[in-house]
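Comments concern the structure below.
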Amino acid sequence: MNNIRLINFRNIADSGEIELKPLTILVGKNGSGKSSFLRLFPLLQQSMEVAKKGPFLWYNEKGVDFGDFNSTVREKSDSLQVGFSIHHGRKSSHMFDIHILMTVVEDKEESINSEKGISYDRVSKIELRYLGNQVVVDFSTSSDTKVEINGSTVYDAKKNEQPFGLFPNISIDGSKDIPGFRELIDSLAENGRYKYRDYIDFVDVSFEEFQKLVSGKNLSYNIKQLYCNIIYNYLDRLLMNIQMQIRIEMDNVTYIGPFREAPKRYYRFQNLATHKIDSMGSNMAVYVNAMHTDKIKAFNGILEEKYKFQLEVESHFGQISLFIKKDKDDKTNIVDNGFGYSQLMPVLLALHTFNTTNEHTVFPFRSDFQMLCIEQPELHLHPAMQRKIGSSLADSTKHIVAESQQKYILLETHSRSLIDSIGEAIASGDISSDNVAVYLFESGNQIAKIRSTRFDEDGYLTNWPLGFLD
């Protein structure tokens, strides 16, 4: 996902297309909507992990809490829309972007408990844009689903609920060839060899390319109608692929919230996940204890160089202790080093894992996509330490660009020191301003206004309200 759009989402009337860069920074005053925007990704992640009645799991104890549909939809609105783009296909010339806009409404018919304050929501419509095509799948009726392709052709399909997905799939009877398809693939065969055999073989073919393919073939069927029929007949599989792609990508999202767990002198050993840090850092001790010796050595090398301390772990009798080591003879329990170290450590561990791991999805399909979402990493930290975090984020951005990775860091911050540190990295040439996106969230009449700004070549932010960071 590299483009996001939210409509009627909390106080965001319409975010417009928000393009994500290797480092995307969200800034603004409290209540301006930046946290709501960032938390979309852990919301999508937790929604794809469990079976549910509606498209979203609005609350998760270890994730984010949006309440319910009525708490999330903008006041006086009856629907919200979530839009995003995903890359479809393998890394080749056939790869293309699909832009998805999903409309969610309250299901009035099923809200039998509405008087008790319980409401259900569902997807009423999804819109797809890709290769010049416009496809609208309308789930608004309880009977057959309506599919409109390129503004004119309308089809009836059956709806298949997808409890682990964001929207229902559709079922299409593909047992019979559509009129003209056999004639088409026969005309495109060369020396008895068929390049196209199935509808899905045309998934990356635009109408313009389709016209070139059939040029001079003298087919007996209307070309535009035939093309739309082909789209309809592979649409069920395309929607399934989109759902799977979203699940895989969201599995590779790491979210670090603004409230991390308080430090403990002893952490009890638990069978918690060790493939990534959770949102509150509550599995931090178990995570560090499970780290390979070489990995923790590399992590400490970075800590020593940039932050002038190291992290040590000791485990005994089912308990784990974490220590901050500032020199050879100075090793103290993390709980005795001030609150800031325990709040900083989950951020640095998540960032190190993000930098050194290609993927950590549990699915058998490979995904190069990774996203690290961090809210206010500067909490409880001295401004000098905040600058160091900014430097670490700049280092990660430099690595992402150098390795041409499909990785994104999404950061929400109030720290001028952190932002200035990013600017210094740009001014020194360590990273390019083209690889950093900055979005300013402003609130007027309880409606969020989102403006794009950027760093100039000297590392200064442009187009800012006077005194905003003072």
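In the structure tokens, each chain is lettered A, B, ... as it comes, each chain's residues begin at 1, and ligands are numbered from 1 in order of appearance.
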From a backbone DSSP assignment, name each residue in range 166-257 of chain A labelled helix (DSSP H, G or I), as a ChimeraX atom specification. /A:181-188,199-202,207-214,223-251
Let's have the selection written as a compact mmCIF listing (two decimals), in the first residue's frame, with C-alpha atoms.
```txt
# COMPACT_ATOMS: atom_id res chain seq x y z
CA PHE A 181 -13.85 -15.86 -26.26
CA ARG A 182 -12.97 -19.09 -28.05
CA GLU A 183 -12.77 -17.20 -31.34
CA LEU A 184 -10.52 -14.63 -29.64
CA ILE A 185 -7.95 -17.03 -28.20
CA ASP A 186 -7.86 -19.01 -31.45
CA SER A 187 -7.10 -15.80 -33.35
CA LEU A 188 -4.27 -14.94 -30.93
CA TYR A 199 -9.86 -15.11 -18.73
CA ILE A 200 -7.28 -14.47 -16.00
CA ASP A 201 -4.55 -14.41 -18.65
CA PHE A 202 -5.89 -11.00 -19.66
CA PHE A 207 -8.27 -1.99 -23.30
CA GLU A 208 -5.72 -0.07 -25.37
CA GLU A 209 -3.44 -3.11 -25.42
CA PHE A 210 -6.43 -5.36 -26.11
CA GLN A 211 -7.28 -3.30 -29.20
CA LYS A 212 -3.71 -3.72 -30.46
CA LEU A 213 -3.88 -7.48 -29.88
CA VAL A 214 -7.03 -7.89 -31.96
CA ILE A 223 -14.55 -5.67 -29.03
CA LYS A 224 -15.47 -3.41 -26.11
CA GLN A 225 -18.23 -5.74 -24.93
CA LEU A 226 -15.94 -8.77 -25.24
CA TYR A 227 -13.27 -7.00 -23.20
CA CYS A 228 -15.76 -6.11 -20.42
CA ASN A 229 -17.03 -9.70 -20.39
CA ILE A 230 -13.47 -10.94 -19.90
CA ILE A 231 -12.98 -8.58 -16.94
CA TYR A 232 -16.20 -9.83 -15.35
CA ASN A 233 -15.22 -13.47 -15.74
CA TYR A 234 -11.88 -13.08 -13.93
CA LEU A 235 -13.22 -10.59 -11.36
CA ASP A 236 -13.95 -13.23 -8.70
CA ARG A 237 -10.34 -14.44 -8.77
CA LEU A 238 -9.00 -10.88 -8.87
CA LEU A 239 -10.97 -9.98 -5.74
CA MET A 240 -9.68 -13.09 -3.96
CA ASN A 241 -6.11 -12.19 -4.92
CA ILE A 242 -6.61 -8.65 -3.64
CA GLN A 243 -7.90 -9.95 -0.31
CA MET A 244 -4.94 -12.29 0.04
CA GLN A 245 -2.48 -9.55 -0.89
CA ILE A 246 -3.95 -7.24 1.75
CA ARG A 247 -3.74 -9.98 4.38
CA ILE A 248 -0.11 -10.68 3.57
CA GLU A 249 0.87 -7.01 3.58
CA MET A 250 -0.98 -6.26 6.82
CA ASP A 251 0.74 -9.20 8.48
```
Report task. Considering only C-alpha atoms, return as number ranges by chain whatever protein or nucleic-acid residues lie within 6 Å of Arg387 in chain A, sequence-local ones (same chain, fewer than 5 positions apart) excluded. Result -> A: 417-418, 421
Could I get the residues of range 200-277 of chain A with an atom no further than 10 Å from an atom of range 120-130 of chain A, each paired with its nearest atom pair and that distance in Å to one decimal, using only C-alpha atoms, sorted by chain and residue number, as JSON lines?
```
{"residue": "A:Val203", "atom": "CA", "partner": "A:Tyr130", "partner_atom": "CA", "distance": 9.9}
{"residue": "A:Asp204", "atom": "CA", "partner": "A:Tyr130", "partner_atom": "CA", "distance": 9.0}
{"residue": "A:Ser206", "atom": "CA", "partner": "A:Tyr130", "partner_atom": "CA", "distance": 8.4}
{"residue": "A:Leu239", "atom": "CA", "partner": "A:Leu128", "partner_atom": "CA", "distance": 9.7}
```
Could those residues be written to a file, using N, CA and C atoms, as a CSV table (one decimal), in the first residue's frame?
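Below is the file that was written, out_27.csv:
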```
chain,number,residue,atom,x,y,z
A,203,VAL,N,-5.6,-10.4,-17.3
A,203,VAL,CA,-5.8,-9.5,-16.1
A,203,VAL,C,-4.9,-8.3,-16.2
A,204,ASP,N,-3.7,-8.4,-16.9
A,204,ASP,CA,-2.8,-7.2,-17.0
A,204,ASP,C,-2.9,-6.5,-18.3
A,206,SER,N,-4.7,-3.9,-20.7
A,206,SER,CA,-5.6,-2.7,-20.7
A,206,SER,C,-6.4,-2.8,-22.0
A,239,LEU,N,-10.6,-10.4,-7.1
A,239,LEU,CA,-11.0,-10.0,-5.7
A,239,LEU,C,-10.4,-10.9,-4.7
```
Worksheet item: Please, what distance in Å, to one decimal, runs between CA of Gly257 in chain A and CA of His87 in chain A?
Response: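 A separation of 27.3 Å between them.
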**Message:** Calculated over only C-alpha atoms, which of the candidates A:Ala290, A:Ile100, A:Ile7, A:Ile256 has the smallest distance to Arg39 in chain A?
**Reply:**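 So, comparing all the options, the nearest one is A:Ile256.
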### Task
Just the residues within 7 Å of Leu440 in chain A, please, counting only C-alpha atoms, with nothing from its chain fewer than 3 positions along; format it as a list in words.
Leu26, Val27, Gly28, Ile450, Arg451 and Ser452 of chain A
Open item on the list: Among range 131-317 of chain A, which ones does DSSP assign to strand (DSSP E) (computed from the backbone)? Answer as a PyMOL selection string.
Closed with: chain A and resi 133-138+145-149+153-160+169-171+253-256+267-268+310-316
note - CA of Asn333 in chain A and CA of Pro346 in chain A are separated by 15.9 Å
Computed gap from CA of Arg260 in chain A to CA of Ser282 in chain A is 7.5 Å
Leaving out Ser391 in chain A and any residue of its chain fewer than 3 positions from it, which residues lie within 9 Å of it when counting only C-alpha atoms, given as a PDB file with N, CA and C atoms, in the first residue's frame?
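As written to disk, result32.pdb reads:
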```pdb
ATOM      1  N   LYS A 306      25.473   5.130  18.573  1.00  0.00           N
ATOM      2  CA  LYS A 306      24.585   6.300  18.497  1.00  0.00           C
ATOM      3  C   LYS A 306      24.064   6.749  19.854  1.00  0.00           C
ATOM      4  N   GLN A 386      15.808  12.655  21.543  1.00  0.00           N
ATOM      5  CA  GLN A 386      14.856  12.747  20.445  1.00  0.00           C
ATOM      6  C   GLN A 386      15.572  12.970  19.116  1.00  0.00           C
ATOM      7  N   ARG A 387      16.625  13.771  19.136  1.00  0.00           N
ATOM      8  CA  ARG A 387      17.405  14.014  17.914  1.00  0.00           C
ATOM      9  C   ARG A 387      18.064  12.722  17.442  1.00  0.00           C
ATOM     10  N   LYS A 388      18.499  11.905  18.380  1.00  0.00           N
ATOM     11  CA  LYS A 388      19.137  10.644  18.010  1.00  0.00           C
ATOM     12  C   LYS A 388      18.132   9.691  17.355  1.00  0.00           C
ATOM     13  N   ALA A 394      16.447   8.455   9.943  1.00  0.00           N
ATOM     14  CA  ALA A 394      17.102   8.853   8.692  1.00  0.00           C
ATOM     15  C   ALA A 394      17.994   7.727   8.181  1.00  0.00           C
ATOM     16  N   ASP A 395      18.700   7.039   9.085  1.00  0.00           N
ATOM     17  CA  ASP A 395      19.540   5.905   8.680  1.00  0.00           C
ATOM     18  C   ASP A 395      18.690   4.804   8.043  1.00  0.00           C
ATOM     19  N   SER A 396      17.541   4.525   8.629  1.00  0.00           N
ATOM     20  CA  SER A 396      16.654   3.502   8.076  1.00  0.00           C
ATOM     21  C   SER A 396      16.144   3.905   6.699  1.00  0.00           C
ATOM     22  N   LEU A 418      13.242  16.013  16.869  1.00  0.00           N
ATOM     23  CA  LEU A 418      13.266  14.871  15.956  1.00  0.00           C
ATOM     24  C   LEU A 418      13.176  15.344  14.503  1.00  0.00           C
ATOM     25  N   SER A 421      16.329  16.858  13.264  1.00  0.00           N
ATOM     26  CA  SER A 421      17.345  15.842  12.994  1.00  0.00           C
ATOM     27  C   SER A 421      17.174  15.256  11.598  1.00  0.00           C
ATOM     28  N   ILE A 422      15.928  15.057  11.172  1.00  0.00           N
ATOM     29  CA  ILE A 422      15.663  14.590   9.805  1.00  0.00           C
ATOM     30  C   ILE A 422      16.147  15.641   8.808  1.00  0.00           C
ATOM     31  N   GLU A 424      18.519  17.782   9.197  1.00  0.00           N
ATOM     32  CA  GLU A 424      19.980  17.781   9.156  1.00  0.00           C
ATOM     33  C   GLU A 424      20.501  16.664   8.252  1.00  0.00           C
ATOM     34  N   ALA A 425      19.845  15.495   8.294  1.00  0.00           N
ATOM     35  CA  ALA A 425      20.261  14.381   7.433  1.00  0.00           C
ATOM     36  C   ALA A 425      20.047  14.727   5.963  1.00  0.00           C
TER      37      ALA A 425
END
```
Contacts of Ile374 in chain A within 10 Å, only C-alpha atoms, excl. fewer than 2 positions in-chain, as an mmCIF file with N, CA and C atoms, in the first residue's frame:
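Produced file out-v2.cif, reproduced below:
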```cif
data_model
loop_
_atom_site.group_PDB
_atom_site.id
_atom_site.type_symbol
_atom_site.label_atom_id
_atom_site.label_comp_id
_atom_site.auth_asym_id
_atom_site.auth_seq_id
_atom_site.Cartn_x
_atom_site.Cartn_y
_atom_site.Cartn_z
ATOM 1 N N ILE A 25 6.013 11.511 7.664
ATOM 2 C CA ILE A 25 5.884 12.138 8.980
ATOM 3 C C ILE A 25 4.545 12.861 9.059
ATOM 4 N N SER A 35 -3.347 10.833 14.415
ATOM 5 C CA SER A 35 -3.329 9.494 15.019
ATOM 6 C C SER A 35 -4.379 8.599 14.382
ATOM 7 N N LEU A 38 -2.841 7.357 11.133
ATOM 8 C CA LEU A 38 -1.784 6.354 11.325
ATOM 9 C C LEU A 38 -2.370 5.022 11.785
ATOM 10 N N ARG A 39 -3.381 5.071 12.637
ATOM 11 C CA ARG A 39 -3.922 3.840 13.207
ATOM 12 C C ARG A 39 -4.779 3.052 12.230
ATOM 13 N N THR A 254 4.066 -3.424 11.686
ATOM 14 C CA THR A 254 4.412 -3.351 13.108
ATOM 15 C C THR A 254 3.968 -1.993 13.627
ATOM 16 N N TYR A 255 3.220 -2.021 14.711
ATOM 17 C CA TYR A 255 2.691 -0.776 15.289
ATOM 18 C C TYR A 255 3.207 -0.607 16.703
ATOM 19 N N ILE A 256 3.821 0.543 16.957
ATOM 20 C CA ILE A 256 4.280 0.896 18.301
ATOM 21 C C ILE A 256 3.456 2.090 18.756
ATOM 22 N N GLY A 257 2.610 1.870 19.759
ATOM 23 C CA GLY A 257 1.722 2.917 20.230
ATOM 24 C C GLY A 257 2.412 3.919 21.123
ATOM 25 N N PRO A 258 1.701 4.970 21.515
ATOM 26 C CA PRO A 258 2.308 6.025 22.329
ATOM 27 C C PRO A 258 2.472 5.639 23.794
ATOM 28 N N SER A 279 2.498 -3.755 20.269
ATOM 29 C CA SER A 279 2.238 -2.313 20.265
ATOM 30 C C SER A 279 2.647 -1.614 21.555
ATOM 31 N N VAL A 347 10.817 0.977 20.713
ATOM 32 C CA VAL A 347 10.940 1.694 19.440
ATOM 33 C C VAL A 347 12.215 1.278 18.716
ATOM 34 N N ALA A 350 12.009 -2.412 17.535
ATOM 35 C CA ALA A 350 11.139 -2.534 16.360
ATOM 36 C C ALA A 350 11.832 -1.987 15.122
ATOM 37 N N LEU A 351 12.544 -0.879 15.267
ATOM 38 C CA LEU A 351 13.242 -0.270 14.135
ATOM 39 C C LEU A 351 14.377 -1.166 13.651
ATOM 40 N N MET A 371 5.784 -2.330 6.849
ATOM 41 C CA MET A 371 5.480 -0.996 7.364
ATOM 42 C C MET A 371 5.704 -0.962 8.861
ATOM 43 N N LEU A 372 6.318 0.120 9.320
ATOM 44 C CA LEU A 372 6.517 0.360 10.739
ATOM 45 C C LEU A 372 5.798 1.651 11.098
ATOM 46 N N GLN A 376 4.536 8.940 18.440
ATOM 47 C CA GLN A 376 5.242 9.726 19.447
ATOM 48 C C GLN A 376 6.391 8.965 20.121
ATOM 49 N N PRO A 377 7.403 8.603 19.354
ATOM 50 C CA PRO A 377 8.547 7.902 19.958
ATOM 51 C C PRO A 377 9.307 8.767 20.955
ATOM 52 N N ILE A 409 8.075 3.737 6.665
ATOM 53 C CA ILE A 409 8.003 4.144 8.062
ATOM 54 C C ILE A 409 6.977 5.263 8.147
ATOM 55 N N LEU A 410 5.980 5.082 8.994
ATOM 56 C CA LEU A 410 4.940 6.087 9.195
ATOM 57 C C LEU A 410 5.058 6.578 10.634
ATOM 58 N N LEU A 411 5.350 7.860 10.775
ATOM 59 C CA LEU A 411 5.705 8.427 12.075
ATOM 60 C C LEU A 411 4.764 9.561 12.430
ATOM 61 N N GLU A 412 4.231 9.532 13.641
ATOM 62 C CA GLU A 412 3.452 10.648 14.172
ATOM 63 C C GLU A 412 4.239 11.246 15.324
ATOM 64 N N THR A 413 4.483 12.554 15.271
ATOM 65 C CA THR A 413 5.355 13.163 16.269
ATOM 66 C C THR A 413 4.970 14.608 16.544
#
```
| message | At a cut-off of 7 Å, using only C-alpha atoms, what residues contact Pro163 in chain A? Leave out same-chain residues fewer than 3 positions from it and give the result as a ChimeraX atom specification. | response | /A:51-53
Phe139 in chain A environment, 12 Å, only C-alpha atoms, sequence neighbours closer than 5 positions dropped, as a list of chain:residue names
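Surrounding residues, per the criterion: A:Met102, A:Thr103, A:Val104, A:Val105, A:Asp107, A:Arg122, A:Val123, A:Ser124, A:Lys125, A:Ile126, A:Glu127, A:Asp144, A:Thr145, A:Lys146, A:Val147, A:Glu148, A:Asp156, A:Ala157, A:Lys158, A:Lys159, A:Asn160, A:Glu161, A:Phe167, A:Pro168, A:Asn169, A:Ile170.
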Grab the residues selected above and save them as an mmCIF file, in the first residue's frame with N, CA, C and O atoms.
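Wrote it out as part11.cif, contents follow:
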```cif
data_model
loop_
_atom_site.group_PDB
_atom_site.id
_atom_site.type_symbol
_atom_site.label_atom_id
_atom_site.label_comp_id
_atom_site.auth_asym_id
_atom_site.auth_seq_id
_atom_site.Cartn_x
_atom_site.Cartn_y
_atom_site.Cartn_z
ATOM 1 N N MET A 102 -13.413 1.578 -0.734
ATOM 2 C CA MET A 102 -14.382 0.714 -0.074
ATOM 3 C C MET A 102 -15.342 1.558 0.757
ATOM 4 O O MET A 102 -14.905 2.357 1.591
ATOM 5 N N THR A 103 -16.635 1.418 0.518
ATOM 6 C CA THR A 103 -17.650 2.175 1.251
ATOM 7 C C THR A 103 -18.275 1.290 2.320
ATOM 8 O O THR A 103 -18.746 0.188 2.028
ATOM 9 N N VAL A 104 -18.276 1.780 3.562
ATOM 10 C CA VAL A 104 -18.804 1.023 4.700
ATOM 11 C C VAL A 104 -20.004 1.778 5.262
ATOM 12 O O VAL A 104 -19.963 2.996 5.443
ATOM 13 N N VAL A 105 -21.084 1.044 5.515
ATOM 14 C CA VAL A 105 -22.306 1.638 6.054
ATOM 15 C C VAL A 105 -22.793 0.805 7.234
ATOM 16 O O VAL A 105 -22.380 -0.336 7.429
ATOM 17 N N ASP A 107 -25.486 -1.459 8.897
ATOM 18 C CA ASP A 107 -26.493 -2.377 8.376
ATOM 19 C C ASP A 107 -27.760 -2.222 9.198
ATOM 20 O O ASP A 107 -27.916 -2.808 10.268
ATOM 21 N N ARG A 122 -21.212 -2.957 7.389
ATOM 22 C CA ARG A 122 -20.878 -3.846 6.279
ATOM 23 C C ARG A 122 -20.386 -3.002 5.112
ATOM 24 O O ARG A 122 -20.607 -1.792 5.054
ATOM 25 N N VAL A 123 -19.758 -3.659 4.170
ATOM 26 C CA VAL A 123 -19.318 -3.009 2.944
ATOM 27 C C VAL A 123 -20.490 -2.963 1.979
ATOM 28 O O VAL A 123 -21.081 -3.996 1.662
ATOM 29 N N SER A 124 -20.832 -1.776 1.539
ATOM 30 C CA SER A 124 -21.935 -1.640 0.601
ATOM 31 C C SER A 124 -21.454 -1.572 -0.841
ATOM 32 O O SER A 124 -22.215 -1.886 -1.765
ATOM 33 N N LYS A 125 -20.189 -1.175 -1.019
ATOM 34 C CA LYS A 125 -19.694 -1.022 -2.390
ATOM 35 C C LYS A 125 -18.174 -0.973 -2.378
ATOM 36 O O LYS A 125 -17.573 -0.458 -1.453
ATOM 37 N N ILE A 126 -17.560 -1.555 -3.404
ATOM 38 C CA ILE A 126 -16.132 -1.358 -3.631
ATOM 39 C C ILE A 126 -15.937 -0.900 -5.072
ATOM 40 O O ILE A 126 -16.655 -1.315 -5.979
ATOM 41 N N GLU A 127 -14.997 -0.006 -5.245
ATOM 42 C CA GLU A 127 -14.666 0.515 -6.563
ATOM 43 C C GLU A 127 -13.199 0.213 -6.854
ATOM 44 O O GLU A 127 -12.330 0.449 -6.012
ATOM 45 N N ASP A 144 -28.861 -10.410 -5.530
ATOM 46 C CA ASP A 144 -27.650 -10.512 -6.338
ATOM 47 C C ASP A 144 -26.839 -9.223 -6.299
ATOM 48 O O ASP A 144 -27.379 -8.115 -6.230
ATOM 49 N N THR A 145 -25.524 -9.390 -6.324
ATOM 50 C CA THR A 145 -24.606 -8.257 -6.367
ATOM 51 C C THR A 145 -24.531 -7.709 -7.790
ATOM 52 O O THR A 145 -24.469 -8.467 -8.755
ATOM 53 N N LYS A 146 -24.533 -6.385 -7.899
ATOM 54 C CA LYS A 146 -24.437 -5.738 -9.197
ATOM 55 C C LYS A 146 -22.995 -5.364 -9.489
ATOM 56 O O LYS A 146 -22.309 -4.802 -8.637
ATOM 57 N N VAL A 147 -22.524 -5.680 -10.677
ATOM 58 C CA VAL A 147 -21.165 -5.345 -11.107
ATOM 59 C C VAL A 147 -21.260 -4.461 -12.339
ATOM 60 O O VAL A 147 -21.846 -4.851 -13.344
ATOM 61 N N GLU A 148 -20.679 -3.264 -12.244
ATOM 62 C CA GLU A 148 -20.655 -2.350 -13.373
ATOM 63 C C GLU A 148 -19.217 -2.189 -13.845
ATOM 64 O O GLU A 148 -18.318 -1.939 -13.044
ATOM 65 N N ASP A 156 -24.906 -9.456 -12.989
ATOM 66 C CA ASP A 156 -25.364 -9.969 -11.704
ATOM 67 C C ASP A 156 -24.409 -11.054 -11.235
ATOM 68 O O ASP A 156 -24.017 -11.932 -12.004
ATOM 69 N N ALA A 157 -24.017 -10.984 -9.959
ATOM 70 C CA ALA A 157 -23.129 -11.994 -9.381
ATOM 71 C C ALA A 157 -23.656 -12.369 -8.004
ATOM 72 O O ALA A 157 -24.487 -11.665 -7.423
ATOM 73 N N LYS A 158 -23.169 -13.469 -7.480
ATOM 74 C CA LYS A 158 -23.549 -13.899 -6.141
ATOM 75 C C LYS A 158 -22.483 -13.447 -5.146
ATOM 76 O O LYS A 158 -21.296 -13.469 -5.439
ATOM 77 N N LYS A 159 -22.939 -13.061 -3.960
ATOM 78 C CA LYS A 159 -22.035 -12.566 -2.918
ATOM 79 C C LYS A 159 -21.602 -13.698 -2.010
ATOM 80 O O LYS A 159 -22.419 -14.478 -1.534
ATOM 81 N N ASN A 160 -20.295 -13.773 -1.752
ATOM 82 C CA ASN A 160 -19.740 -14.736 -0.801
ATOM 83 C C ASN A 160 -19.101 -13.966 0.347
ATOM 84 O O ASN A 160 -18.143 -13.225 0.144
ATOM 85 N N GLU A 161 -19.632 -14.117 1.548
ATOM 86 C CA GLU A 161 -19.077 -13.408 2.691
ATOM 87 C C GLU A 161 -17.649 -13.885 2.965
ATOM 88 O O GLU A 161 -17.321 -15.061 2.781
ATOM 89 N N PHE A 167 -13.891 -7.200 2.572
ATOM 90 C CA PHE A 167 -15.129 -7.103 1.811
ATOM 91 C C PHE A 167 -15.503 -8.483 1.287
ATOM 92 O O PHE A 167 -14.660 -9.382 1.208
ATOM 93 N N PRO A 168 -16.781 -8.688 0.931
ATOM 94 C CA PRO A 168 -17.182 -9.997 0.403
ATOM 95 C C PRO A 168 -16.517 -10.273 -0.940
ATOM 96 O O PRO A 168 -16.132 -9.348 -1.665
ATOM 97 N N ASN A 169 -16.377 -11.530 -1.263
ATOM 98 C CA ASN A 169 -15.997 -11.922 -2.613
ATOM 99 C C ASN A 169 -17.265 -12.164 -3.420
ATOM 100 O O ASN A 169 -18.379 -12.152 -2.877
ATOM 101 N N ILE A 170 -17.117 -12.376 -4.696
ATOM 102 C CA ILE A 170 -18.266 -12.708 -5.526
ATOM 103 C C ILE A 170 -18.033 -14.068 -6.176
ATOM 104 O O ILE A 170 -16.886 -14.522 -6.305
#
```
Counting only C-alpha atoms, closest pick from A:Gln81, A:Asn60, A:Thr397, A:Ser32 relative to Ile4 in chain A is A:Gln81
